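Asker: I am sharing coords-v3.cif, which consists of mmCIF, C-alpha atoms:
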```
data_start
#
loop_
_atom_site.label_atom_id
_atom_site.label_comp_id
_atom_site.auth_asym_id
_atom_site.auth_seq_id
_atom_site.Cartn_x
_atom_site.Cartn_y
_atom_site.Cartn_z
CA MET A 1 93.84 77.26 121.83
CA GLN A 2 93.49 74.33 119.47
CA ARG A 3 95.48 74.22 116.25
CA ILE A 4 92.55 75.31 114.09
CA GLN A 5 91.89 78.20 116.48
CA ARG A 6 95.52 79.32 116.31
CA TYR A 7 95.29 79.20 112.53
CA ILE A 8 92.14 81.36 112.50
CA PHE A 9 93.68 83.76 115.01
CA SER A 10 96.85 84.19 112.93
CA GLU A 11 94.85 84.72 109.72
CA CYS A 12 92.61 87.33 111.33
CA THR A 13 95.58 89.09 112.95
CA ARG A 14 97.42 89.32 109.64
CA VAL A 15 94.38 90.80 107.87
CA PHE A 16 93.68 93.16 110.78
CA PHE A 17 97.14 94.73 110.86
CA GLY A 18 97.12 95.10 107.08
CA LEU A 19 93.77 96.90 107.15
CA LEU A 20 94.75 99.03 110.15
CA LEU A 21 97.95 100.13 108.44
CA LEU A 22 95.96 100.99 105.30
CA VAL A 23 93.31 103.01 107.16
CA VAL A 24 95.81 104.95 109.30
CA SER A 25 98.04 105.63 106.29
CA ILE A 26 95.14 107.03 104.24
CA LEU A 27 94.03 109.28 107.10
CA LEU A 28 97.60 110.47 107.75
CA LEU A 29 98.14 111.16 104.07
CA GLU A 30 95.15 113.49 104.02
CA ARG A 31 96.46 115.38 107.07
CA LEU A 32 100.02 115.37 105.73
CA LEU A 33 99.06 117.79 102.96
CA ARG A 34 97.80 120.34 105.49
CA ILE A 35 100.81 119.85 107.76
CA ALA A 36 103.20 120.32 104.84
CA ASP A 37 101.46 123.56 103.90
CA LEU A 38 101.56 124.71 107.52
CA VAL A 39 105.25 123.96 108.00
CA SER A 40 106.24 125.44 104.62
CA ARG A 41 104.75 128.82 105.58
CA SER A 42 106.46 128.95 108.97
CA PRO A 43 109.90 128.42 110.48
CA GLY A 44 109.12 124.75 110.95
CA ASN A 45 111.12 121.85 109.60
CA LEU A 46 110.72 118.24 108.59
CA GLY A 47 111.26 117.01 112.15
CA GLU A 48 108.30 119.04 113.42
CA ALA A 49 106.10 117.71 110.63
CA VAL A 50 107.03 114.11 111.49
CA TYR A 51 106.39 114.78 115.18
CA MET A 52 102.97 116.22 114.35
CA LEU A 53 102.09 113.15 112.30
CA ALA A 54 103.25 110.88 115.13
CA ASN A 55 100.87 112.66 117.50
CA LEU A 56 97.99 111.97 115.11
CA ILE A 57 98.53 108.21 115.11
CA PRO A 58 96.63 107.50 118.39
CA HIS A 59 93.64 109.49 117.14
CA TYR A 60 93.49 107.70 113.79
CA ALA A 61 94.24 104.34 115.40
CA GLY A 62 91.17 104.84 117.59
CA ILE A 63 89.14 105.29 114.41
CA GLY A 64 90.79 102.45 112.52
CA ILE A 65 90.83 99.69 115.16
CA PRO A 66 87.06 98.96 115.21
CA ALA A 67 86.74 99.16 111.42
CA ALA A 68 89.84 97.07 110.72
CA PHE A 69 88.84 94.42 113.28
CA PHE A 70 85.27 94.10 112.00
CA LEU A 71 86.43 93.72 108.38
CA ALA A 72 89.25 91.36 109.38
CA VAL A 73 86.80 88.98 111.07
CA LEU A 74 84.39 89.19 108.14
CA ILE A 75 87.13 88.60 105.55
CA THR A 76 88.64 85.70 107.53
CA ILE A 77 85.32 83.88 107.89
CA SER A 78 84.47 84.56 104.25
CA ARG A 79 87.84 83.20 103.14
CA ILE A 80 87.62 79.92 105.05
CA SER A 81 84.03 79.56 103.81
CA ARG A 82 85.05 79.93 100.16
CA SER A 83 87.98 77.53 100.50
CA GLY A 84 85.84 74.80 102.07
CA GLU A 85 87.84 74.85 105.31
CA LEU A 86 84.75 75.82 107.29
CA VAL A 87 82.84 72.77 106.05
CA ALA A 88 85.80 70.56 106.98
CA VAL A 89 85.90 72.03 110.47
CA TRP A 90 82.20 71.42 110.92
CA GLY A 91 82.70 67.88 109.63
CA MET A 92 85.08 67.34 112.54
CA GLY A 93 82.25 68.18 114.93
CA LYS A 94 83.43 71.70 115.75
CA SER A 95 80.86 74.41 116.38
CA LEU A 96 80.67 78.05 115.43
CA PHE A 97 81.32 78.88 119.08
CA MET A 98 84.70 77.16 118.90
CA ILE A 99 85.54 78.84 115.58
CA SER A 100 84.63 82.23 117.02
CA LYS A 101 86.76 81.88 120.16
CA PRO A 102 89.91 83.37 118.51
CA PHE A 103 87.88 86.39 117.42
CA MET A 104 86.60 86.96 120.96
CA ILE A 105 90.11 86.69 122.41
CA MET A 106 91.30 89.20 119.84
CA ALA A 107 88.31 91.42 120.67
CA VAL A 108 89.27 91.53 124.36
CA LEU A 109 92.87 92.46 123.49
CA LEU A 110 91.82 95.16 121.04
CA ALA A 111 89.15 96.55 123.37
CA SER A 112 91.78 96.96 126.08
CA THR A 113 94.12 98.58 123.55
CA LEU A 114 91.37 100.94 122.41
CA LEU A 115 90.56 101.93 126.00
CA ILE A 116 94.22 102.75 126.67
CA THR A 117 94.46 104.61 123.37
CA SER A 118 91.31 106.70 123.87
CA GLY A 119 91.69 107.14 127.61
CA ILE A 120 95.41 107.98 127.82
CA LEU A 121 97.26 108.30 124.52
CA GLN A 122 94.71 110.34 122.56
CA PRO A 123 94.34 113.14 125.16
CA LEU A 124 98.11 113.54 125.50
CA SER A 125 98.84 113.36 121.78
CA ARG A 126 95.95 115.71 120.92
CA TYR A 127 97.35 118.32 123.30
CA GLU A 128 100.86 117.91 121.88
CA TYR A 129 99.54 118.28 118.35
CA ARG A 130 97.61 121.44 119.22
CA SER A 131 100.66 122.80 121.01
CA LEU A 132 102.78 122.22 117.92
CA VAL A 133 100.22 123.84 115.63
CA ASN A 134 100.04 126.77 118.02
CA SER A 135 103.80 127.21 118.14
CA ILE A 136 104.21 126.89 114.37
CA ALA A 137 101.25 128.70 112.88
CA GLU A 138 98.99 130.52 115.30
CA SER A 139 100.66 131.93 118.35
CA SER A 140 104.35 131.52 117.75
CA ILE A 141 106.02 134.89 118.01
CA GLU A 142 108.30 133.93 115.13
CA THR A 143 105.33 133.20 112.91
CA VAL A 144 103.74 136.49 113.92
CA PHE A 145 106.71 138.45 112.63
CA ILE A 146 107.42 136.29 109.58
CA GLU A 147 103.97 136.12 108.02
CA GLY A 148 103.61 139.91 107.77
CA LYS A 149 99.98 140.10 108.81
CA PHE A 150 97.94 141.14 111.81
CA VAL A 151 97.88 138.33 114.37
CA GLU A 152 95.78 138.39 117.54
CA ALA A 153 96.51 136.58 120.79
CA GLU A 154 94.20 137.32 123.72
CA ASP A 155 94.64 141.07 124.43
CA TRP A 156 97.39 141.65 121.88
CA THR A 157 97.54 142.41 118.17
CA VAL A 158 100.97 142.32 116.50
CA TRP A 159 102.17 143.11 112.98
CA THR A 160 105.48 143.68 111.23
CA GLU A 161 106.31 144.35 107.62
CA ASP A 162 109.27 142.01 107.24
CA VAL A 163 111.97 140.17 109.18
CA ASP A 164 115.43 138.91 108.29
CA LEU A 165 115.54 135.25 109.36
CA ASN A 166 119.33 135.25 109.64
CA THR A 167 119.87 138.40 111.71
CA GLY A 168 116.42 138.81 113.28
CA GLU A 169 116.19 142.43 112.16
CA LEU A 170 112.68 143.87 111.78
CA THR A 171 111.28 146.61 109.59
CA SER A 172 108.18 148.63 110.47
CA SER A 173 106.31 147.04 113.40
CA PHE A 174 103.03 147.66 115.18
CA ILE A 175 101.77 146.45 118.59
CA LEU A 176 98.29 146.99 120.04
CA GLU A 177 97.51 146.08 123.65
CA ARG A 178 93.96 146.11 125.03
CA LEU A 179 94.17 147.31 128.64
CA PRO A 180 92.03 145.92 131.52
CA ASP A 181 90.26 149.29 132.00
CA GLY A 182 88.95 149.19 128.42
CA GLY A 183 91.63 151.44 126.97
CA GLN A 184 94.31 150.61 124.43
CA ARG A 185 98.07 151.05 124.18
CA ILE A 186 99.59 151.47 120.72
CA ILE A 187 103.31 151.11 119.95
CA SER A 188 104.92 151.50 116.53
CA ALA A 189 108.57 151.50 115.48
CA SER A 190 110.43 151.89 112.22
CA THR A 191 113.03 149.19 112.96
CA GLY A 192 113.76 146.54 115.53
CA ALA A 193 115.29 143.16 116.21
CA LEU A 194 114.26 139.80 117.67
CA VAL A 195 116.30 138.91 120.76
CA ARG A 196 116.74 135.16 121.18
CA GLN A 197 117.49 133.25 124.35
CA ASN A 198 117.94 129.47 124.43
CA GLY A 199 116.71 129.23 120.85
CA THR A 200 113.44 131.11 121.46
CA ILE A 201 112.50 134.79 121.19
CA SER A 202 112.58 136.31 124.66
CA GLU A 203 112.01 139.96 123.76
CA ILE A 204 111.80 142.43 120.88
CA GLN A 205 114.07 145.45 120.65
CA LEU A 206 112.22 148.32 118.96
CA GLU A 207 114.05 151.38 117.65
CA SER A 208 112.95 154.90 116.69
CA GLY A 209 109.29 154.66 117.53
CA MET A 210 106.40 156.16 119.38
CA GLY A 211 103.38 155.08 121.31
CA ALA A 212 100.17 156.29 122.90
CA ASP A 213 97.61 155.26 125.52
CA LEU A 214 93.94 155.65 124.61
CA ARG A 215 91.23 155.80 127.23
CA GLU A 216 88.02 153.76 126.99
CA ASP A 217 86.31 156.68 125.26
CA ARG A 218 89.18 156.72 122.70
CA THR A 219 90.60 160.02 123.94
CA LEU A 220 94.36 160.40 124.21
CA GLY A 221 95.73 159.59 127.64
CA SER A 222 99.50 159.83 127.21
CA ARG A 223 102.13 159.76 124.50
CA LEU A 224 105.52 158.09 124.27
CA GLU A 225 108.49 158.66 122.01
CA PHE A 226 111.57 156.48 122.25
CA GLU A 227 114.88 155.78 120.59
CA SER A 228 115.03 152.28 122.03
CA PHE A 229 112.27 150.22 123.62
CA GLN A 230 112.28 146.61 124.84
CA TRP A 231 109.00 144.77 124.51
CA ARG A 232 108.59 141.32 126.05
CA PRO A 233 106.00 139.21 124.22
CA PRO A 234 103.09 138.04 126.39
CA GLU A 235 102.80 134.40 127.32
CA ALA A 236 99.86 134.11 124.90
CA LEU A 237 102.35 134.52 122.05
CA THR A 238 105.20 132.43 123.44
CA GLN A 239 103.56 129.69 125.51
CA PHE A 240 100.64 127.37 124.93
CA ARG A 241 97.92 126.99 127.53
CA PRO A 242 98.04 124.12 130.05
CA ARG A 243 96.42 120.83 129.06
CA GLY A 244 92.82 120.26 130.02
CA LYS A 245 90.74 123.11 128.61
CA ASP A 246 88.96 120.62 126.31
CA VAL A 247 87.49 117.31 127.52
CA ARG A 248 89.25 115.57 124.63
CA GLU A 249 92.55 116.50 126.26
CA LEU A 250 91.62 114.79 129.54
CA MET A 251 92.51 111.23 130.41
CA LEU A 252 89.77 108.91 131.57
CA TRP A 253 90.39 109.30 135.31
CA GLU A 254 90.66 113.08 134.88
CA LEU A 255 87.20 113.07 133.34
CA TRP A 256 85.97 111.08 136.28
CA ALA A 257 87.63 113.42 138.82
CA PRO A 258 88.40 116.86 137.29
CA GLU A 259 89.78 118.02 140.64
CA THR A 260 92.96 116.09 139.80
CA LEU A 261 93.84 118.79 137.24
CA SER A 262 96.59 121.07 138.45
CA GLN A 263 95.21 124.26 136.88
CA GLN A 264 92.15 125.82 138.53
CA ALA A 265 91.15 127.58 135.31
CA GLU A 266 91.10 124.30 133.42
CA ARG A 267 89.01 122.63 136.14
CA GLU A 268 86.43 125.39 135.94
CA ALA A 269 86.33 125.20 132.12
CA ILE A 270 85.17 121.58 132.12
CA GLU A 271 81.41 121.09 131.97
CA PRO A 272 80.41 118.18 134.28
CA LEU A 273 77.82 116.91 131.79
CA GLU A 274 80.34 116.91 128.95
CA ALA A 275 82.84 114.98 131.08
CA VAL A 276 80.27 112.33 132.09
CA VAL A 277 79.04 111.90 128.50
CA SER A 278 82.64 111.47 127.31
CA ILE A 279 83.23 108.76 129.93
CA HIS A 280 80.15 106.81 128.82
CA ASP A 281 81.13 107.24 125.16
CA GLN A 282 84.62 105.81 125.69
CA LEU A 283 83.38 102.86 127.77
CA ALA A 284 80.61 102.14 125.26
CA ARG A 285 83.11 101.97 122.40
CA PHE A 286 85.18 99.57 124.53
CA VAL A 287 82.17 97.23 124.78
CA LEU A 288 81.37 97.70 121.07
CA ILE A 289 84.63 95.95 120.12
CA LEU A 290 83.41 92.87 122.04
CA ILE A 291 80.13 92.89 120.08
CA LEU A 292 81.58 93.33 116.59
CA PRO A 293 82.53 89.61 116.10
CA LEU A 294 78.92 88.63 116.79
CA ILE A 295 77.91 90.61 113.69
CA ALA A 296 80.95 90.01 111.49
CA VAL A 297 80.95 86.21 111.81
CA PRO A 298 77.35 85.74 110.52
CA PHE A 299 77.97 88.31 107.78
CA GLY A 300 80.98 86.35 106.53
CA LEU A 301 79.36 82.90 106.56
CA SER A 302 78.55 81.18 103.30
CA TYR A 303 77.32 77.63 102.74
CA GLY A 304 77.29 77.69 98.95
CA ARG A 305 80.00 77.61 96.31
CA HIS A 306 79.60 81.31 95.56
CA PRO A 307 79.55 83.43 98.75
CA PRO A 308 77.70 86.76 98.65
CA SER A 309 79.79 89.45 97.00
CA ASN A 310 78.25 92.27 99.02
CA ALA A 311 79.37 91.19 102.51
CA ILE A 312 82.16 93.75 102.81
CA LEU A 313 79.95 96.55 101.45
CA ILE A 314 77.14 95.73 103.88
CA GLY A 315 79.72 95.43 106.66
CA LEU A 316 81.05 98.91 105.91
CA LEU A 317 77.52 100.34 105.83
CA THR A 318 76.81 98.66 109.18
CA LEU A 319 79.92 100.22 110.73
CA ILE A 320 78.98 103.66 109.40
CA ILE A 321 75.44 103.35 110.77
CA ILE A 322 76.70 102.30 114.20
CA GLN A 323 79.21 105.16 114.23
CA GLN A 324 76.56 107.70 113.27
CA LEU A 325 74.17 106.35 115.90
CA LEU A 326 76.85 106.75 118.58
CA GLU A 327 77.55 110.31 117.47
CA LEU A 328 73.82 111.11 117.46
CA ALA A 329 73.37 109.56 120.90
CA LYS A 330 76.30 111.60 122.25
CA SER A 331 74.82 114.81 120.84
CA LEU A 332 71.42 114.06 122.39
CA ALA A 333 73.07 113.40 125.76
CA LEU A 334 75.04 116.67 125.57
CA ASP A 335 71.84 118.56 124.72
CA GLY A 336 70.10 117.00 127.71
CA ALA A 337 67.50 115.24 125.56
CA VAL A 338 68.42 111.88 127.15
CA PRO A 339 70.31 111.00 130.35
CA ALA A 340 74.10 111.03 130.03
CA TRP A 341 74.34 107.23 130.21
CA ALA A 342 71.32 106.45 128.04
CA GLY A 343 72.70 107.77 124.75
CA SER A 344 75.77 105.63 124.11
CA TRP A 345 74.60 102.62 126.11
CA GLY A 346 71.23 102.62 124.38
CA VAL A 347 72.98 102.16 121.03
CA ILE A 348 75.25 99.46 122.48
CA ILE A 349 72.29 97.53 123.88
CA ILE A 350 70.46 97.62 120.53
CA VAL A 351 73.58 96.60 118.58
CA GLY A 352 74.37 93.91 121.17
CA ILE A 353 70.92 92.34 120.98
CA ALA A 354 70.97 92.39 117.18
CA GLY A 355 74.47 90.90 117.04
CA LEU A 356 73.72 88.18 119.59
CA SER A 357 70.53 87.22 117.74
CA LEU A 358 72.40 86.93 114.42
CA PHE A 359 75.18 84.88 115.98
CA LEU A 360 72.92 82.46 117.89
CA ARG A 361 70.74 82.00 114.80
CA SER A 362 73.81 81.01 112.78
CA ALA A 363 75.39 78.91 115.52
CA MET A 364 72.38 76.94 116.78
CA THR A 365 70.19 76.50 113.69
CA MET A 366 70.66 75.36 110.11
CA ALA A 367 69.22 78.59 108.75
CA GLN A 368 70.90 80.27 105.82
CA PRO A 369 73.46 83.02 106.64
CA PRO A 370 71.96 86.49 107.08
CA LEU A 371 73.36 87.85 103.80
CA SER A 372 72.44 84.85 101.64
CA SER A 373 69.04 86.37 100.77
CA VAL A 374 70.50 89.77 99.85
CA PRO A 375 70.89 90.18 96.07
CA ALA A 376 74.50 89.92 94.95
CA ILE A 377 76.22 92.92 93.43
CA ARG A 378 76.89 92.32 89.76
CA LEU A 379 79.73 94.15 88.10
CA PRO A 380 79.23 95.77 84.68
CA ARG A 381 80.12 93.50 81.78
CA PHE A 382 83.22 95.46 80.82
CA LEU A 383 84.57 95.04 84.39
CA SER A 384 84.03 91.29 84.46
CA SER A 385 86.97 88.95 84.02
CA LYS A 386 87.46 87.07 80.79
CA SER A 387 86.57 83.78 82.36
CA ASP A 388 83.26 85.23 83.58
CA THR A 389 82.31 86.64 80.21
CA GLU A 390 83.13 83.46 78.37
CA ARG A 391 81.32 81.14 80.79
CA PRO A 392 78.28 79.66 79.01
CA ALA A 393 74.88 80.33 80.50
CA SER A 394 73.55 77.47 82.54
#
```
What do you get writing this file as structure tokens?
Answerer:
Amino acid sequence: MQRIQRYIFSECTRVFFGLLLLVVSILLLERLLRIADLVSRSPGNLGEAVYMLANLIPHYAGIGIPAAFFLAVLITISRISRSGELVAVWGMGKSLFMISKPFMIMAVLLASTLLITSGILQPLSRYEYRSLVNSIAESSIETVFIEGKFVEAEDWTVWTEDVDLNTGELTSSFILERLPDGGQRIISASTGALVRQNGTISEIQLESGMGADLREDRTLGSRLEFESFQWRPPEALTQFRPRGKDVRELMLWELWAPETLSQQAEREAIEPLEAVVSIHDQLARFVLILILPLIAVPFGLSYGRHPPSNAILIGLLTLIIIQQLLELAKSLALDGAVPAWAGSWGVIIIVGIAGLSLFLRSAMTMAQPPLSSVPAIRLPRFLSSKSDTERPAS
């Protein structure tokens, strides 16, 4: 790259990483409040909370990369326009194509990063996050006995009145099992204890209790009285399901070939249409990154002394509209209203044509920038700077 291109590339990179850090931090801060509440009401600790936040970074990075890149290009072009550097570059005989080359190189790098993030990192981190939430709050056997409420997991309902975290001793406990024949098995005990093995609860020792089996018609089948009874928690309460029950937990090649999944149940749970739509959605967002500079560069251009003050606002609205169109197109494809490929790629084609038209108009003609005719946003008088308020009317 030429020196001016390296300068533009470094400026855009600096703004991009600043915006990306801001976006991801804001999104993580919102989720941090819920994670803190979750961990505080369970036997979790600070390390688990940090690990949960780390697993959210790929998801939020996938959201933040397109937005941060679009705004970084727009802000960079707007800045060199305001400072007069753009006019100087054009005075040297350089074209808008040359100025935009650093943005396109950056777009290729970020598109590849986004594809890796959405196709590999997000599925793995999403599964790890769900597994952590499951172990801490929903299906962890420790949480079941600490929260003192009825907790269901598949065919089991478990409740206990209280537990001593230091000794593992339980007070009154209740276990309900739904049997395959439609009946139920009920076990209750006045005391008990959690038996740990390798740091996890392997079984529950119940003392001085009784139980009963109920048939499908709710008549009594058998009764049980015991002084000591060992109950081993089902896997639903101690282990999380294998990865792959949700398409968002599948990597890109697993969506393409679900037979690569190791678990038969997970393969059967994946809807072929949903997998194909997800593939097209991820690839379309990859191409969208390559199109964004074609829109951001014209939006940031300014030939006058006072560039439009609404460029960033219009840029944000444009991003939101594109995002909503992609979501709508994905929903239509999942509902079968349009072919699986037509939803996401239809939006990309429309955005691509619009972006290319804006860019070529700015690069090959002397027409005014697209936003020059849009009325500027004027701040209320009490928000204006002193220099603005004291400037005499011309």
Asker: Evaluate the PyMOL selection byres ((chain A and resi 217) around 12) and record the selected residues as a PyMOL selection string, following the chain and residue labels used in the document.
Answerer: chain A and resi 181-184+213-216+218-221
Asker: Apply the PyMOL selection byres ((chain A and resi 313-320) around 10) to the displayed file and report the matching residues as a ChimeraX atom specification.
Answerer: /A:66-67,70-71,74,292,295-296,299-300,309-312,321-326,371,374,377
Asker: For range 228-231 of chain A, please output as a VMD selection string all residues within 7 Å (counting only C-alpha atoms; exclusion window: fewer than 5 positions along the same chain).
Answerer: chain A and resid 203 to 208
Asker: Using C-alpha atoms, can you export the residues from the last selection as a PDB file, in the coordinates of the input?
Answerer:
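The new file part-v2.pdb reads:
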```pdb
ATOM      1  CA  GLU A 203     112.010 139.960 123.760  1.00  0.00           C
ATOM      2  CA  ILE A 204     111.800 142.430 120.880  1.00  0.00           C
ATOM      3  CA  GLN A 205     114.070 145.450 120.650  1.00  0.00           C
ATOM      4  CA  LEU A 206     112.220 148.320 118.960  1.00  0.00           C
ATOM      5  CA  GLU A 207     114.050 151.380 117.650  1.00  0.00           C
ATOM      6  CA  SER A 208     112.950 154.900 116.690  1.00  0.00           C
TER       7      SER A 208
END
```
Asker: Using all atoms listed in the file, pick whichever of A:Ala111, A:Val158, A:Leu288, A:Leu96 has the shortest atom-to-atom distance to Phe359 in chain A.
Answerer: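 Among the listed residues, A:Leu96 lies closest to Phe359 in chain A.
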Asker: What is the distance, in Å and to one decimal place, between CA of Ala340 in chain A and CA of Leu255 in chain A?
Answerer: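 Separating CA of Ala340 in chain A from CA of Leu255 in chain A is a distance of 13.7 Å.
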Asker: What does the distance between CA of Val108 in chain A and CA of Arg285 in chain A come to in Å, to one decimal place?
Answerer: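 We find that CA of Val108 in chain A and CA of Arg285 in chain A lie 12.3 Å from each other.
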